[in-house]
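Below: the structure, in structure tokens.
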Amino acid sequence: MEGVLNLPPAPTLTDFLTVLTGAGVSAESGIRTFRDAGGLWESHRLEEVASPPAFARDPELVWRFYKARWENASRARPNPAHEALAAMGAALAGRFVLITQNVDGLHQCAGSAGVLDMHGSLHRCRCTRCDTHYSMRNVDLTPALPACPACGGLLRPDIVWFGEMPHYLDEIEVALRRTTLFLVAGTSGVVYPAAQFVQMARRNGASAIGVNLEPPDNIACFDTFIQGRAGVVLPQLAAAWLDADKS
Ligand code: NAD
């Protein structure tokens, strides 16, 4: 049966909850994970579209790919998993951090504040010359190679490609030191450094809870693992935890 039979204990007033999400949390919004796509991202091998050498080799292909991903993400709607995490964040304000590997913006769309989108965002781009950042909505995307409105330099998607440094590593380290509960949902546990955050949190004394459709590669690192869809399990967890937090 899908659903949580033995819920992990609710955070107490002295707990700090850090959440890490991956592509599985957006699967029920219609955005495919790598696993579903057989290791491809919408029919492309990652090295063709998601690395600095790929952009240097064929920037028009990379831009076509990310414009299509951005349009797809802009049409998608948050699902109950995103909504449950937004509710947890609002209820536990000041003792909650949400880290995501997703680039689709659906956590922000569901109302989560201060999301650490460590792999960047499909909704932003930046200039390769002057580093000005833009919302995709505010740049002219008609040319095959969009140009910076400020300096005319070549724009690129604000996505962390393979071989690049993820965003917010300092903030993430602070959260992982502070956290007493670490909840990981919808990630296969194969992309580093995110896959090792659970070990870091546990070394600092946190308990770790995993929620995933299939057992993740790093399942041994969790105190509790709940197998199921994020859109079913996270709302149950949020309801139980937030009721307990009120009482
Ligand atoms: P992944 O594709 O490697 O793994 C996804 C995991 O989610 C799998 O283990 C799968 O069993 C699980 N899953 C599938 N449907 C689920 C559901 N309904 N509920 C719970 N779990 C479910 O994804 P990853 O671990 O996030 O790593 C892939 C990288 O790909 C990330 O760095 C991310 O930036 C990028 N990516 C992002 C998106 C997005 O923004 N939505 C989509 C695809 C890839």
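In the structure tokens, the first chain shown is A, the next is B, and so on; residue numbers restart at 1 for each chain, and ligands run from 1 in the order shown.
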
Residues within 6 Å of ligand 1, counting only C-alpha atoms and all ligand atoms: report them as a PDB file with C-alpha atoms, in the first residue's frame.
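So part_32.pdb came out as:
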```pdb
ATOM      1  CA  GLY A  22      15.370  16.096  -6.909  1.00  0.00           C
ATOM      2  CA  ALA A  23      13.649  15.482 -10.216  1.00  0.00           C
ATOM      3  CA  GLY A  24      11.215  12.901  -8.722  1.00  0.00           C
ATOM      4  CA  VAL A  25       9.390  15.673  -6.832  1.00  0.00           C
ATOM      5  CA  SER A  26       8.438  17.261 -10.164  1.00  0.00           C
ATOM      6  CA  ALA A  27       7.565  13.977 -11.917  1.00  0.00           C
ATOM      7  CA  GLU A  28       3.895  14.298 -10.934  1.00  0.00           C
ATOM      8  CA  ILE A  31       8.458  16.905 -15.910  1.00  0.00           C
ATOM      9  CA  ARG A  32      10.429  13.779 -16.676  1.00  0.00           C
ATOM     10  CA  THR A  33      13.314  12.605 -14.507  1.00  0.00           C
ATOM     11  CA  PHE A  34      16.558  11.309 -15.999  1.00  0.00           C
ATOM     12  CA  ARG A  35      15.664   7.807 -14.880  1.00  0.00           C
ATOM     13  CA  GLN A 101      18.593  20.076  -7.512  1.00  0.00           C
ATOM     14  CA  ASN A 102      15.640  20.948  -9.747  1.00  0.00           C
ATOM     15  CA  VAL A 103      15.828  23.794 -12.201  1.00  0.00           C
ATOM     16  CA  ASP A 104      12.108  24.021 -13.003  1.00  0.00           C
ATOM     17  CA  HIS A 119      21.795  23.665  -9.981  1.00  0.00           C
ATOM     18  CA  GLY A 186      12.721  12.383  -5.304  1.00  0.00           C
ATOM     19  CA  THR A 187      16.405  11.956  -5.973  1.00  0.00           C
ATOM     20  CA  SER A 188      18.304   8.889  -7.155  1.00  0.00           C
ATOM     21  CA  GLY A 189      21.324   9.762  -4.990  1.00  0.00           C
ATOM     22  CA  VAL A 191      24.573  13.212  -8.618  1.00  0.00           C
ATOM     23  CA  ASN A 212      11.495   8.029  -3.222  1.00  0.00           C
ATOM     24  CA  LEU A 213       9.663   5.894  -5.749  1.00  0.00           C
ATOM     25  CA  GLU A 214      12.572   3.447  -5.908  1.00  0.00           C
ATOM     26  CA  PRO A 216      18.012   5.424  -4.047  1.00  0.00           C
ATOM     27  CA  ARG A 229       5.335   8.955  -4.727  1.00  0.00           C
ATOM     28  CA  ALA A 230       6.386  12.306  -3.330  1.00  0.00           C
TER      29      ALA A 230
END
```

Alpha helix (DSSP H) residues, from DSSP on the backbone, in region 63-246 of chain A, as a ChimeraX atom specification: /A:63-75,80-91,106-109,169-178,197-203,230-246

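Selecting strand (DSSP E or B) from the backbone DSSP output for region 33-154 of chain A yields Trp41, His44, Phe96, Val97, Leu98, Ile99, Thr100, Leu116, Asp117, Gly120, Ser121, Leu122, His123, Arg124, Cys125, Arg126, Cys127, His133, Tyr134, Ser135, Ala147 and Leu154 of chain A.
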
Nearest-residue call for Thr224 (chain A), choices A:Leu183, A:Ala238, A:Ala195, A:Ala144, using only C-alpha atoms: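 Of the candidates, the smallest distance to Thr224 (chain A) is held by A:Leu183.
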
Gap from CA of Trp63 (chain A) to CA of Pro143 (chain A) - Å, one decimal: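 CA of Pro143 (chain A) lies at a distance of 9.9 Å from CA of Trp63 (chain A).
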
Option closest in space to Asp170 (chain A), from A:Leu234, A:Met118, A:Val190, A:Ala84 [counting only C-alpha atoms]: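 Closest to Asp170 (chain A) of all the choices is A:Met118.
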
Separation of CA of Val174 (chain A) from CA of Gly114 (chain A) in Å: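 These atoms are spaced 14.3 Å apart.
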
Selected residue of minimal separation from Arg64 (chain A) among A:Gly152, A:Val49, A:Asp36, A:Val232, counting only C-alpha atoms: A:Val49

Among listed residues A:Thr128, A:Asn218, A:Asn138, A:Thr18, nearest Cys151 (chain A) (using only C-alpha atoms):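 When distances to Cys151 (chain A) are compared using only C-alpha atoms, the smallest one comes from A:Thr128.
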
Who sits within 12 Å of Ala68 (chain A), only C-alpha atoms, same chain under 4 positions skipped, as a list in words: Trp41, Glu42, Leu61, Val62, Trp63, Arg64, Asn72, Ala73, Ser74, Arg75, Asp104, Leu122, His123, Leu141 and Pro157 of chain A

Identify, on the basis of only C-alpha atoms, every residue whose closest approach to Leu154 (chain A) does not exceed 8 Å; exclude the query and any residue fewer than 5 positions from it along the same chain; express the result as a PDB file with N, CA and C atoms, in the first residue's frame.
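Saved the output as around_20.pdb:
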```
ATOM      1  N   CYS A 127      24.884  36.863 -18.573  1.00  0.00           N
ATOM      2  CA  CYS A 127      25.783  37.254 -19.658  1.00  0.00           C
ATOM      3  C   CYS A 127      27.151  36.601 -19.477  1.00  0.00           C
ATOM      4  N   THR A 128      27.669  36.003 -20.563  1.00  0.00           N
ATOM      5  CA  THR A 128      28.991  35.367 -20.481  1.00  0.00           C
ATOM      6  C   THR A 128      30.098  36.417 -20.441  1.00  0.00           C
ATOM      7  N   ARG A 129      29.757  37.708 -20.773  1.00  0.00           N
ATOM      8  CA  ARG A 129      30.793  38.746 -20.742  1.00  0.00           C
ATOM      9  C   ARG A 129      30.738  39.567 -19.445  1.00  0.00           C
ATOM     10  N   LEU A 145      20.863  33.063 -30.897  1.00  0.00           N
ATOM     11  CA  LEU A 145      21.827  33.290 -29.818  1.00  0.00           C
ATOM     12  C   LEU A 145      21.456  34.597 -29.114  1.00  0.00           C
ATOM     13  N   PRO A 146      20.698  34.538 -28.014  1.00  0.00           N
ATOM     14  CA  PRO A 146      20.243  35.757 -27.332  1.00  0.00           C
ATOM     15  C   PRO A 146      21.425  36.591 -26.807  1.00  0.00           C
ATOM     16  N   ALA A 147      21.270  37.938 -26.907  1.00  0.00           N
ATOM     17  CA  ALA A 147      22.364  38.836 -26.528  1.00  0.00           C
ATOM     18  C   ALA A 147      22.010  39.615 -25.266  1.00  0.00           C
ATOM     19  N   CYS A 148      23.021  39.987 -24.500  1.00  0.00           N
ATOM     20  CA  CYS A 148      22.849  40.746 -23.253  1.00  0.00           C
ATOM     21  C   CYS A 148      22.331  42.147 -23.570  1.00  0.00           C
TER      22      CYS A 148
END
```

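Pairwise distance (CA of Thr179 (chain A), CA of Leu17 (chain A)) equals 5.8 Å.
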
Selected residue, from A:Leu155, A:Ala54, A:Ile209, A:Val115, that lies nearest to Ser135 (chain A) when counting only C-alpha atoms: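 Smallest separation from Ser135 (chain A) among the options: A:Leu155.
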